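Trainee: As input, take model28.txt (compact mmCIF, C-alpha atoms and all ligand atoms):
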# COMPACT_ATOMS: atom_id res chain seq x y z
CA MET F 1 -4.97 11.21 -44.02
CA ALA F 2 -8.25 11.06 -42.12
CA ALA F 3 -11.16 9.19 -43.75
CA PRO F 4 -13.87 11.29 -45.51
CA ILE F 5 -16.48 12.68 -43.11
CA PRO F 6 -19.79 10.75 -43.30
CA LYS F 7 -23.15 12.56 -42.99
CA THR F 8 -24.35 10.66 -39.96
CA TRP F 9 -21.71 9.60 -37.50
CA THR F 10 -22.14 6.12 -36.10
CA VAL F 11 -20.17 4.48 -33.30
CA LEU F 12 -18.08 2.60 -35.88
CA ASP F 13 -17.39 5.75 -37.94
CA LEU F 14 -16.14 7.55 -34.83
CA LEU F 15 -13.97 4.62 -33.75
CA ARG F 16 -12.38 4.35 -37.20
CA TRP F 17 -11.78 8.08 -37.56
CA THR F 18 -10.38 8.46 -34.05
CA THR F 19 -8.15 5.40 -34.28
CA GLN F 20 -6.58 6.84 -37.43
CA HIS F 21 -6.26 10.27 -35.84
CA PHE F 22 -4.56 8.84 -32.73
CA THR F 23 -2.24 6.74 -34.90
CA GLU F 24 -1.17 9.84 -36.83
CA ARG F 25 -0.54 11.66 -33.53
CA GLY F 26 1.67 8.84 -32.20
CA VAL F 27 -0.71 7.61 -29.46
CA GLU F 28 0.55 4.15 -28.43
CA THR F 29 -2.75 2.20 -28.24
CA PRO F 30 -5.00 4.13 -30.66
CA ARG F 31 -7.97 1.77 -31.02
CA LEU F 32 -8.17 0.91 -27.32
CA ASP F 33 -7.98 4.59 -26.34
CA ALA F 34 -10.67 5.51 -28.89
CA GLU F 35 -12.97 2.82 -27.48
CA CYS F 36 -12.42 3.83 -23.83
CA LEU F 37 -13.07 7.51 -24.55
CA LEU F 38 -16.14 6.89 -26.72
CA ALA F 39 -17.63 4.54 -24.12
CA HIS F 40 -17.04 7.23 -21.49
CA ALA F 41 -18.64 9.95 -23.63
CA LEU F 42 -21.67 7.73 -24.27
CA GLY F 43 -21.92 6.56 -20.65
CA CYS F 44 -21.66 2.87 -21.51
CA ASP F 45 -19.01 0.17 -21.19
CA ARG F 46 -16.59 -0.70 -24.00
CA LEU F 47 -18.25 -3.99 -24.96
CA ARG F 48 -21.51 -2.15 -25.60
CA LEU F 49 -19.82 -0.33 -28.48
CA TYR F 50 -19.40 -3.62 -30.37
CA VAL F 51 -23.13 -4.32 -30.13
CA ASP F 52 -23.96 -0.74 -31.12
CA TYR F 53 -21.59 -0.22 -34.09
CA ASP F 54 -24.41 1.24 -36.24
CA ARG F 55 -25.89 3.48 -33.54
CA PRO F 56 -25.90 7.14 -34.64
CA VAL F 57 -24.06 9.44 -32.21
CA ASP F 58 -25.82 12.76 -31.71
CA GLU F 59 -24.26 16.22 -31.67
CA SER F 60 -24.06 16.63 -27.86
CA GLU F 61 -22.42 13.21 -27.45
CA ARG F 62 -19.97 14.05 -30.23
CA THR F 63 -19.10 17.36 -28.58
CA ARG F 64 -18.25 15.51 -25.35
CA PHE F 65 -16.21 12.93 -27.25
CA ARG F 66 -14.41 15.56 -29.38
CA GLU F 67 -13.10 17.30 -26.25
CA LEU F 68 -11.76 14.02 -24.85
CA VAL F 69 -10.10 13.18 -28.17
CA ARG F 70 -8.49 16.62 -28.30
CA GLU F 71 -7.09 16.26 -24.77
CA ARG F 72 -5.74 12.79 -25.55
CA ALA F 73 -4.19 13.65 -28.94
CA GLN F 74 -2.87 17.15 -28.26
CA ALA F 75 -2.25 17.51 -24.51
CA ARG F 76 -1.46 13.76 -24.23
CA VAL F 77 -3.58 13.35 -21.10
CA PRO F 78 -3.66 9.62 -20.18
CA VAL F 79 -7.00 7.89 -20.78
CA ALA F 80 -7.28 6.90 -17.11
CA LEU F 81 -7.19 10.58 -16.09
CA LEU F 82 -9.71 11.56 -18.76
CA VAL F 83 -12.20 8.95 -17.59
CA GLY F 84 -11.17 9.20 -13.90
CA ALA F 85 -10.79 5.46 -13.46
CA ARG F 86 -8.35 2.57 -13.86
CA GLU F 87 -8.66 -1.12 -13.13
CA PHE F 88 -5.88 -2.66 -11.02
CA TRP F 89 -5.79 -6.28 -9.89
CA SER F 90 -9.34 -6.43 -11.32
CA LEU F 91 -10.46 -3.78 -8.80
CA PRO F 92 -12.03 -0.56 -10.14
CA LEU F 93 -10.11 2.44 -8.78
CA ARG F 94 -10.83 6.14 -9.03
CA VAL F 95 -7.81 8.13 -10.19
CA THR F 96 -7.17 11.87 -10.34
CA ARG F 97 -4.23 14.10 -11.20
CA ASP F 98 -3.14 13.81 -7.54
CA VAL F 99 -2.08 10.17 -7.94
CA LEU F 100 0.03 7.97 -10.14
CA VAL F 101 -2.11 5.97 -12.55
CA PRO F 102 -1.53 2.37 -11.35
CA ARG F 103 0.59 0.41 -13.85
CA PRO F 104 0.26 -3.26 -14.86
CA ASP F 105 3.90 -3.84 -13.79
CA THR F 106 2.88 -3.10 -10.19
CA GLU F 107 0.75 -6.25 -10.19
CA THR F 108 4.13 -8.06 -10.00
CA LEU F 109 4.63 -6.43 -6.58
CA VAL F 110 1.19 -7.53 -5.39
CA ALA F 111 1.65 -11.11 -6.68
CA ALA F 112 5.06 -11.43 -5.00
CA ALA F 113 3.70 -10.03 -1.71
CA LEU F 114 0.83 -12.55 -1.73
CA ASP F 115 3.30 -15.35 -2.53
CA ALA F 116 5.26 -14.40 0.58
CA PHE F 117 2.11 -15.10 2.68
CA PRO F 118 0.15 -17.70 0.71
CA ASP F 119 -2.39 -18.44 3.47
CA ARG F 120 -5.50 -16.42 2.57
CA GLU F 121 -6.60 -16.46 6.22
CA ALA F 122 -3.28 -15.08 7.57
CA GLU F 123 -3.75 -12.32 10.17
CA LEU F 124 -1.10 -9.94 8.91
CA ASP F 125 -0.09 -6.42 9.81
CA VAL F 126 0.65 -4.81 6.45
CA LEU F 127 2.28 -1.47 5.59
CA ASP F 128 2.21 0.17 2.13
CA VAL F 129 4.60 3.13 1.82
CA GLY F 130 3.69 5.68 -0.88
CA THR F 131 0.20 4.34 -1.48
CA GLY F 132 -0.96 6.83 -4.16
CA SER F 133 -4.42 5.69 -5.30
CA GLY F 134 -4.23 2.84 -2.78
CA ALA F 135 -3.78 0.29 -5.59
CA VAL F 136 -1.28 -2.01 -3.84
CA VAL F 137 -2.68 -1.99 -0.31
CA LEU F 138 -6.27 -2.38 -1.50
CA ALA F 139 -5.34 -5.37 -3.70
CA ILE F 140 -3.60 -7.01 -0.73
CA ALA F 141 -6.47 -6.23 1.66
CA HIS F 142 -8.88 -7.70 -0.90
CA GLU F 143 -6.86 -10.94 -1.20
CA ARG F 144 -6.07 -11.34 2.52
CA PRO F 145 -9.39 -10.64 4.28
CA LYS F 146 -7.90 -10.86 7.78
CA ALA F 147 -5.04 -8.43 7.10
CA ARG F 148 -4.92 -5.13 9.03
CA CYS F 149 -3.37 -2.55 6.75
CA THR F 150 -1.74 0.87 7.07
CA ALA F 151 -0.95 3.00 4.04
CA THR F 152 1.17 6.15 4.02
CA ASP F 153 2.00 8.91 1.57
CA ILE F 154 3.61 12.33 1.70
CA SER F 155 0.73 13.69 -0.38
CA PRO F 156 -2.50 14.43 1.54
CA ALA F 157 -4.34 14.76 -1.78
CA ALA F 158 -3.25 11.25 -2.78
CA LEU F 159 -4.34 9.88 0.62
CA ALA F 160 -7.81 11.38 0.08
CA VAL F 161 -8.13 9.49 -3.22
CA ALA F 162 -6.85 6.26 -1.61
CA ALA F 163 -9.32 6.60 1.30
CA GLU F 164 -12.18 7.12 -1.15
CA ASN F 165 -11.14 3.98 -3.05
CA ALA F 166 -11.00 2.01 0.21
CA THR F 167 -14.54 3.09 1.02
CA ARG F 168 -15.87 2.33 -2.47
CA LEU F 169 -14.35 -1.17 -2.31
CA GLY F 170 -15.73 -1.86 1.18
CA LEU F 171 -12.22 -2.15 2.66
CA ALA F 172 -12.13 1.02 4.80
CA ASP F 173 -12.54 -0.87 8.09
CA ARG F 174 -9.22 -2.72 7.54
CA VAL F 175 -7.08 -0.02 5.89
CA CYS F 176 -6.03 3.14 7.68
CA PHE F 177 -4.11 6.02 6.13
CA ALA F 178 -1.37 8.25 7.54
CA GLU F 179 0.47 11.21 6.08
CA GLY F 180 4.25 11.57 6.22
CA SER F 181 7.55 10.59 4.67
CA LEU F 182 8.61 6.92 4.56
CA PHE F 183 8.29 5.36 8.06
CA GLU F 184 7.73 8.60 10.00
CA PRO F 185 3.95 8.05 10.38
CA VAL F 186 4.42 4.52 11.78
CA ALA F 187 7.37 5.13 14.14
CA GLY F 188 7.46 2.54 16.94
CA ARG F 189 5.18 0.08 15.12
CA SER F 190 6.15 -3.14 13.33
CA PHE F 191 4.65 -5.17 10.50
CA ASP F 192 4.64 -8.68 8.99
CA LEU F 193 4.64 -7.34 5.44
CA VAL F 194 5.96 -4.02 4.11
CA VAL F 195 5.42 -3.14 0.45
CA SER F 196 6.24 -0.05 -1.54
CA ASN F 197 6.18 1.24 -5.09
CA PRO F 198 8.13 4.44 -4.41
CA PRO F 199 9.09 7.09 -6.95
CA TYR F 200 12.12 5.73 -8.85
CA VAL F 201 12.43 7.64 -12.13
CA ALA F 202 15.76 9.40 -12.68
CA GLU F 203 15.51 13.19 -13.03
CA ARG F 204 18.29 13.03 -15.63
CA ASP F 205 15.87 11.03 -17.88
CA ALA F 206 12.97 13.51 -17.55
CA ALA F 207 13.35 15.07 -21.01
CA ALA F 208 13.16 11.70 -22.79
CA LEU F 209 9.97 10.47 -21.08
CA ALA F 210 6.55 9.95 -22.66
CA PRO F 211 4.53 13.22 -22.68
CA GLU F 212 1.74 11.48 -20.73
CA LEU F 213 3.92 11.54 -17.58
CA ALA F 214 3.67 15.33 -17.41
CA HIS F 215 0.08 14.88 -16.15
CA GLU F 216 1.06 12.80 -13.12
CA PRO F 217 2.50 14.26 -9.87
CA ARG F 218 6.28 14.79 -10.01
CA THR F 219 6.59 13.53 -6.42
CA ALA F 220 5.07 10.21 -7.52
CA LEU F 221 7.63 9.74 -10.29
CA PHE F 222 11.00 11.32 -9.63
CA ALA F 223 13.54 10.57 -6.91
CA GLY F 224 16.75 12.48 -7.50
CA HIS F 225 19.32 12.49 -10.28
CA ASP F 226 19.47 8.69 -10.74
CA GLY F 227 16.03 7.87 -9.30
CA THR F 228 17.29 6.08 -6.18
CA ASP F 229 16.91 8.74 -3.46
CA VAL F 230 13.74 7.26 -1.94
CA LEU F 231 14.78 3.62 -2.51
CA ARG F 232 18.10 4.22 -0.73
CA ALA F 233 16.43 5.80 2.32
CA PHE F 234 13.75 3.07 2.32
CA ALA F 235 16.37 0.27 2.35
CA ALA F 236 18.34 1.96 5.13
CA GLN F 237 15.31 2.42 7.41
CA VAL F 238 12.90 -0.44 6.72
CA ARG F 239 14.40 -2.96 9.19
CA ASP F 240 13.10 -0.93 12.14
CA VAL F 241 9.46 -1.52 11.15
CA LEU F 242 9.78 -5.25 10.39
CA LYS F 243 8.74 -7.97 12.86
CA PRO F 244 11.14 -10.94 13.07
CA ASP F 245 10.92 -12.91 9.78
CA ALA F 246 8.74 -10.21 8.22
CA ALA F 247 8.84 -9.72 4.44
CA VAL F 248 9.66 -6.52 2.58
CA LEU F 249 9.05 -5.98 -1.13
CA VAL F 250 9.82 -2.91 -3.18
CA GLU F 251 9.15 -2.11 -6.84
CA LEU F 252 11.90 -0.47 -8.91
CA ASP F 253 13.37 0.08 -12.33
CA PRO F 254 15.06 -3.19 -13.41
CA ALA F 255 18.37 -1.33 -13.73
CA GLN F 256 18.21 -0.52 -9.98
CA ALA F 257 17.61 -4.11 -8.78
CA GLN F 258 21.22 -5.06 -8.11
CA ALA F 259 22.00 -1.91 -6.11
CA VAL F 260 18.82 -2.17 -4.02
CA ALA F 261 19.45 -5.88 -3.31
CA ALA F 262 22.92 -4.92 -2.03
CA TRP F 263 21.44 -2.15 0.18
CA PHE F 264 18.93 -4.64 1.63
CA ALA F 265 21.74 -7.10 2.40
CA ALA F 266 23.78 -4.35 4.06
CA ALA F 267 20.74 -3.40 6.18
CA GLY F 268 20.41 -6.95 7.58
CA MET F 269 17.94 -8.64 5.22
CA THR F 270 18.13 -12.21 4.06
CA GLY F 271 16.57 -14.43 1.35
CA ILE F 272 16.85 -11.64 -1.20
CA VAL F 273 15.14 -12.40 -4.54
CA THR F 274 14.11 -10.31 -7.55
CA PRO F 275 10.66 -11.31 -8.91
CA ARG F 276 10.25 -10.52 -12.62
CA ASP F 277 7.57 -8.60 -14.47
CA MET F 278 5.65 -9.84 -17.53
CA ALA F 279 8.55 -8.82 -19.77
CA GLY F 280 10.97 -10.96 -17.70
CA ARG F 281 12.77 -8.01 -16.07
CA PRO F 282 13.60 -7.88 -12.33
CA ARG F 283 10.84 -5.48 -11.22
CA VAL F 284 10.77 -6.15 -7.47
CA VAL F 285 13.35 -6.79 -4.76
CA ALA F 286 11.97 -8.98 -1.96
CA ALA F 287 13.64 -9.98 1.30
CA ARG F 288 13.04 -11.13 4.88
CA ARG F 289 14.34 -9.61 8.07
CA ARG F 290 17.32 -11.52 9.39
CA GLU F 291 17.23 -12.06 13.17
C1 LIG E 1 5.15 5.57 -7.87
S1 LIG E 1 3.85 6.26 -6.88
C2 LIG E 1 3.05 4.75 -6.39
C3 LIG E 1 1.61 4.88 -6.08
C4 LIG E 1 0.90 3.53 -5.82
N1 LIG E 1 1.51 2.83 -4.71
C5 LIG E 1 0.93 2.66 -7.06
O1 LIG E 1 1.69 1.69 -7.07
O2 LIG E 1 0.21 2.95 -8.01
C6 LIG E 1 4.76 6.77 -5.47
C7 LIG E 1 3.95 7.37 -4.34
O3 LIG E 1 4.88 7.64 -3.26
C8 LIG E 1 4.61 8.90 -2.69
N2 LIG E 1 5.87 9.38 -2.10
C9 LIG E 1 6.91 10.02 -2.68
N3 LIG E 1 7.91 10.23 -1.81
C10 LIG E 1 7.49 9.70 -0.63
C11 LIG E 1 8.06 9.60 0.68
N4 LIG E 1 9.27 10.08 0.94
N5 LIG E 1 7.34 9.01 1.67
C12 LIG E 1 6.10 8.52 1.42
N6 LIG E 1 5.51 8.57 0.20
C13 LIG E 1 6.19 9.15 -0.82
C14 LIG E 1 4.08 9.74 -3.84
O4 LIG E 1 3.30 10.81 -3.35
C15 LIG E 1 3.29 8.70 -4.64
O5 LIG E 1 1.95 8.65 -4.24
Please re-express this file's structure in structure tokens.

Mentor:
Amino acid sequence: MAAPIPKTWTVLDLLRWTTQHFTERGVETPRLDAECLLAHALGCDRLRLYVDYDRPVDESERTRFRELVRERAQARVPVALLVGAREFWSLPLRVTRDVLVPRPDTETLVAAALDAFPDREAELDVLDVGTGSGAVVLAIAHERPKARCTATDISPAALAVAAENATRLGLADRVCFAEGSLFEPVAGRSFDLVVSNPPYVAERDAAALAPELAHEPRTALFAGHDGTDVLRAFAAQVRDVLKPDAAVLVELDPAQAQAVAAWFAAAGMTGIVTPRDMAGRPRVVAARRRE
């Protein structure tokens, strides 16, 4: 049951009411979502809400907030898409319905890629396949200021978002973007580091997925019946774009790690390891090109 409606709505009243409403609707992080959406409707940051608990919220602000709450609770639109932004690797990224909302698990991919080349000053040629919002390549470019990066995607709309993020973060001079499938756009070139977070969700699992995923592009999520179509093609082709001793790292569903490691070995990779995510699951397969 929702709390009784007060006469004047303050920030705290709205947070309490909305948190309860989201809880009843099965939203996973009700308080956090309420805070993010209210901060967005009021044009302030989340911490400001704590200072302004007693601030009355006027009718036009409440109308804006009500619409966001309705979209979150009923249509199950992810908060990042409602506010148009998501932080990844502490970098503020713009996100739209044309890209996957970057996930915390993908920071495992970035951390493992940086571990493979620990020298901050390394002059690396880097390729990110399936860049989406640009999250992975922009994090790497930010951490390795002498890296020259290329990022590809089959979606021109996603590439436009990634290019905008590169510009906003001041990284556009070191990251270029190219449209096409897998390694097509970089044929004949080779790299020191190749990373990818490709689509890897199994189509057979689609009905059981969180309703939020319906708002993200299908091509960013699904890859055939068991989710391995893109991973399999990636593993078969990646050797051709690797310099000698180059590193390749790919994100996947933990249940796919063993199969992908075997495909990498069959394709002539060595030093195969499976870095784990924060929950201790093998989230990445990493390898080097064998001579
Ligand atoms: C899981 S999303 C990852 C986005 C981003 N790298 C991230 O980690 O947030 C996968 C991305 O791969 C792209 N994609 C799907 N199939 C592809 C293919 N065959 N070649 C290149 N990109 C592909 C999708 O358009 C999508 O942007």

Trainee: Please, which residues in chain F fall within 8 Å of ligand LIG 1 (chain E) when counting all atoms listed in the file, and what is the closest atom pair and distance in Å to one decimal for each, ordered by chain then residue number, as CSV?

Mentor:
residue,atom,partner,partner_atom,distance
F:Asp98,CA,E:LIG1,O5,8.0
F:Val99,CA,E:LIG1,O5,5.7
F:Leu100,CA,E:LIG1,S1,5.3
F:Val101,CA,E:LIG1,O2,5.9
F:Pro102,CA,E:LIG1,O2,3.8
F:Arg103,CA,E:LIG1,O2,6.4
F:Thr106,CA,E:LIG1,O1,5.8
F:Asp128,CA,E:LIG1,N1,7.4
F:Val129,CA,E:LIG1,C12,5.6
F:Gly130,CA,E:LIG1,O3,3.3
F:Thr131,CA,E:LIG1,N1,3.8
F:Gly132,CA,E:LIG1,O5,3.4
F:Ser133,CA,E:LIG1,C4,5.8
F:Gly134,CA,E:LIG1,C4,6.0
F:Ala135,CA,E:LIG1,O2,5.4
F:Val136,CA,E:LIG1,N1,5.7
F:Val137,CA,E:LIG1,N1,7.8
F:Thr152,CA,E:LIG1,C12,6.1
F:Asp153,CA,E:LIG1,N6,3.8
F:Ile154,CA,E:LIG1,N6,4.5
F:Ser155,CA,E:LIG1,O4,4.9
F:Ala158,CA,E:LIG1,O5,6.0
F:Glu179,CA,E:LIG1,C12,7.8
F:Gly180,CA,E:LIG1,C12,6.0
F:Ser181,CA,E:LIG1,N5,3.4
F:Leu182,CA,E:LIG1,N5,3.8
F:Phe183,CA,E:LIG1,N5,7.4
F:Ser196,CA,E:LIG1,N1,6.4
F:Asn197,CA,E:LIG1,C2,4.9
F:Pro198,CA,E:LIG1,C6,4.2
F:Pro199,CA,E:LIG1,C1,4.3
F:Tyr200,CA,E:LIG1,C1,7.0
F:Pro217,CA,E:LIG1,O4,7.4
F:Thr219,CA,E:LIG1,C9,5.1
F:Ala220,CA,E:LIG1,C15,3.7
F:Leu221,CA,E:LIG1,C1,5.4
F:Ala223,CA,E:LIG1,N3,7.6
F:Val230,CA,E:LIG1,N4,6.0

Trainee: Pull the closest atom pair for each residue of region 50-103 of chain F that gets at most 8 Å from region 24-33 of chain F, along with the distance in Å to one decimal, counting only C-alpha atoms, ordering rows by chain and then ascending residue number, as JSON lines.

Mentor:
{"residue": "F:Ala73", "atom": "CA", "partner": "F:Arg25", "partner_atom": "CA", "distance": 6.2}
{"residue": "F:Gln74", "atom": "CA", "partner": "F:Arg25", "partner_atom": "CA", "distance": 8.0}
{"residue": "F:Val79", "atom": "CA", "partner": "F:Asp33", "partner_atom": "CA", "distance": 6.5}

Trainee: If I take CA of Asp52 (chain F) and CA of Arg66 (chain F), how far is one from the other in Å, to one decimal?

Mentor: 19.0 Å

Trainee: Grab the CA of Arg290 (chain F) to CA of Gly268 (chain F) distance for me, in Å with one decimal place.

Mentor: 5.8 Å

Trainee: How far is it from CA of His142 (chain F) to CA of Thr274 (chain F), in Å with one decimal?

Mentor: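 Separating CA of His142 (chain F) from CA of Thr274 (chain F) is a distance of 24.1 Å.
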
Trainee: Hey, which of F:Gly43, F:Pro92, F:Pro254, F:Pro56 ends up closest to Ala166 (chain F)? Count only C-alpha atoms.

Mentor: F:Pro92

Trainee: Neighbours of region 263-267 of chain F within 6 Å (all atoms listed in the file; same-chain residues fewer than 2 positions away dropped), as a VMD selection string?

Mentor: chain F and resid 235 to 236 260 to 261 269

Trainee: Please identify all polymer residues within 9 Å of Leu42 (chain F), counting all atoms listed in the file, omitting same-chain residues fewer than 4 positions from it, and present them as a PyMOL selection string.

Mentor: chain F and resi 37-38+57+61-62+64-65

Trainee: Mind checking which residues fall within 8 Å of Cys176 (chain F), counting all atoms listed in the file, ignoring those fewer than 4 positions away in the same chain, and posting them as a list in words?

Mentor: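 Close residues of Cys176 (chain F): Cys149, Thr150, Ala151, Ala163 and Ala172 of chain F.
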
Trainee: Using C-alpha atoms, can you export the residues from the last selection as a short mmCIF file (atom, residue, chain, number, x, y, z; two decimals), keeping the file's coordinate frame?

Mentor:
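Now in out_11.cif:
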data_model
loop_
_atom_site.label_atom_id
_atom_site.label_comp_id
_atom_site.auth_asym_id
_atom_site.auth_seq_id
_atom_site.Cartn_x
_atom_site.Cartn_y
_atom_site.Cartn_z
CA CYS F 149 -3.37 -2.55 6.75
CA THR F 150 -1.74 0.87 7.07
CA ALA F 151 -0.95 3.00 4.04
CA ALA F 163 -9.32 6.60 1.30
CA ALA F 172 -12.13 1.02 4.80
#

Trainee: Can you tell me which residues surround region 14-16 of chain F at a distance of at most 6 Å, considering only C-alpha atoms, apart from same-chain residues fewer than 3 positions away, and format the answer as number ranges by chain?

Mentor: F: 11, 19, 34

Trainee: Can I get the selected residues back with C-alpha atoms, as a compact mmCIF listing (two decimals), in the frame of the given file?

Mentor:
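What follows is the written file again.txt:
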# COMPACT_ATOMS: atom_id res chain seq x y z
CA VAL F 11 -20.17 4.48 -33.30
CA THR F 19 -8.15 5.40 -34.28
CA ALA F 34 -10.67 5.51 -28.89

Trainee: Mind giving me the axis-aligned box for region 237-252 of chain F with 5 Å on every side, centre plus edges in Å to one decimal, as JSON?

Mentor:
{"center_x": 12.0, "center_y": -5.2, "center_z": 2.1, "size_x": 16.6, "size_y": 25.3, "size_z": 32.0}

Trainee: Tell me which protein, DNA and RNA residues are within 8 Å of Val77 (chain F), counting all atoms listed in the file, leaving out same-chain ones fewer than 5 positions away, and put them as JSON, numbers by chain.

Mentor: {"F": [71, 72, 82, 212, 215]}

Trainee: I'd like to know which of F:Asp13, F:Asp115, F:Glu251, F:Asp192 is closest to Arg148 (chain F), using only C-alpha atoms.

Mentor: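 Among the listed residues, the smallest separation from Arg148 (chain F) belongs to F:Asp192.
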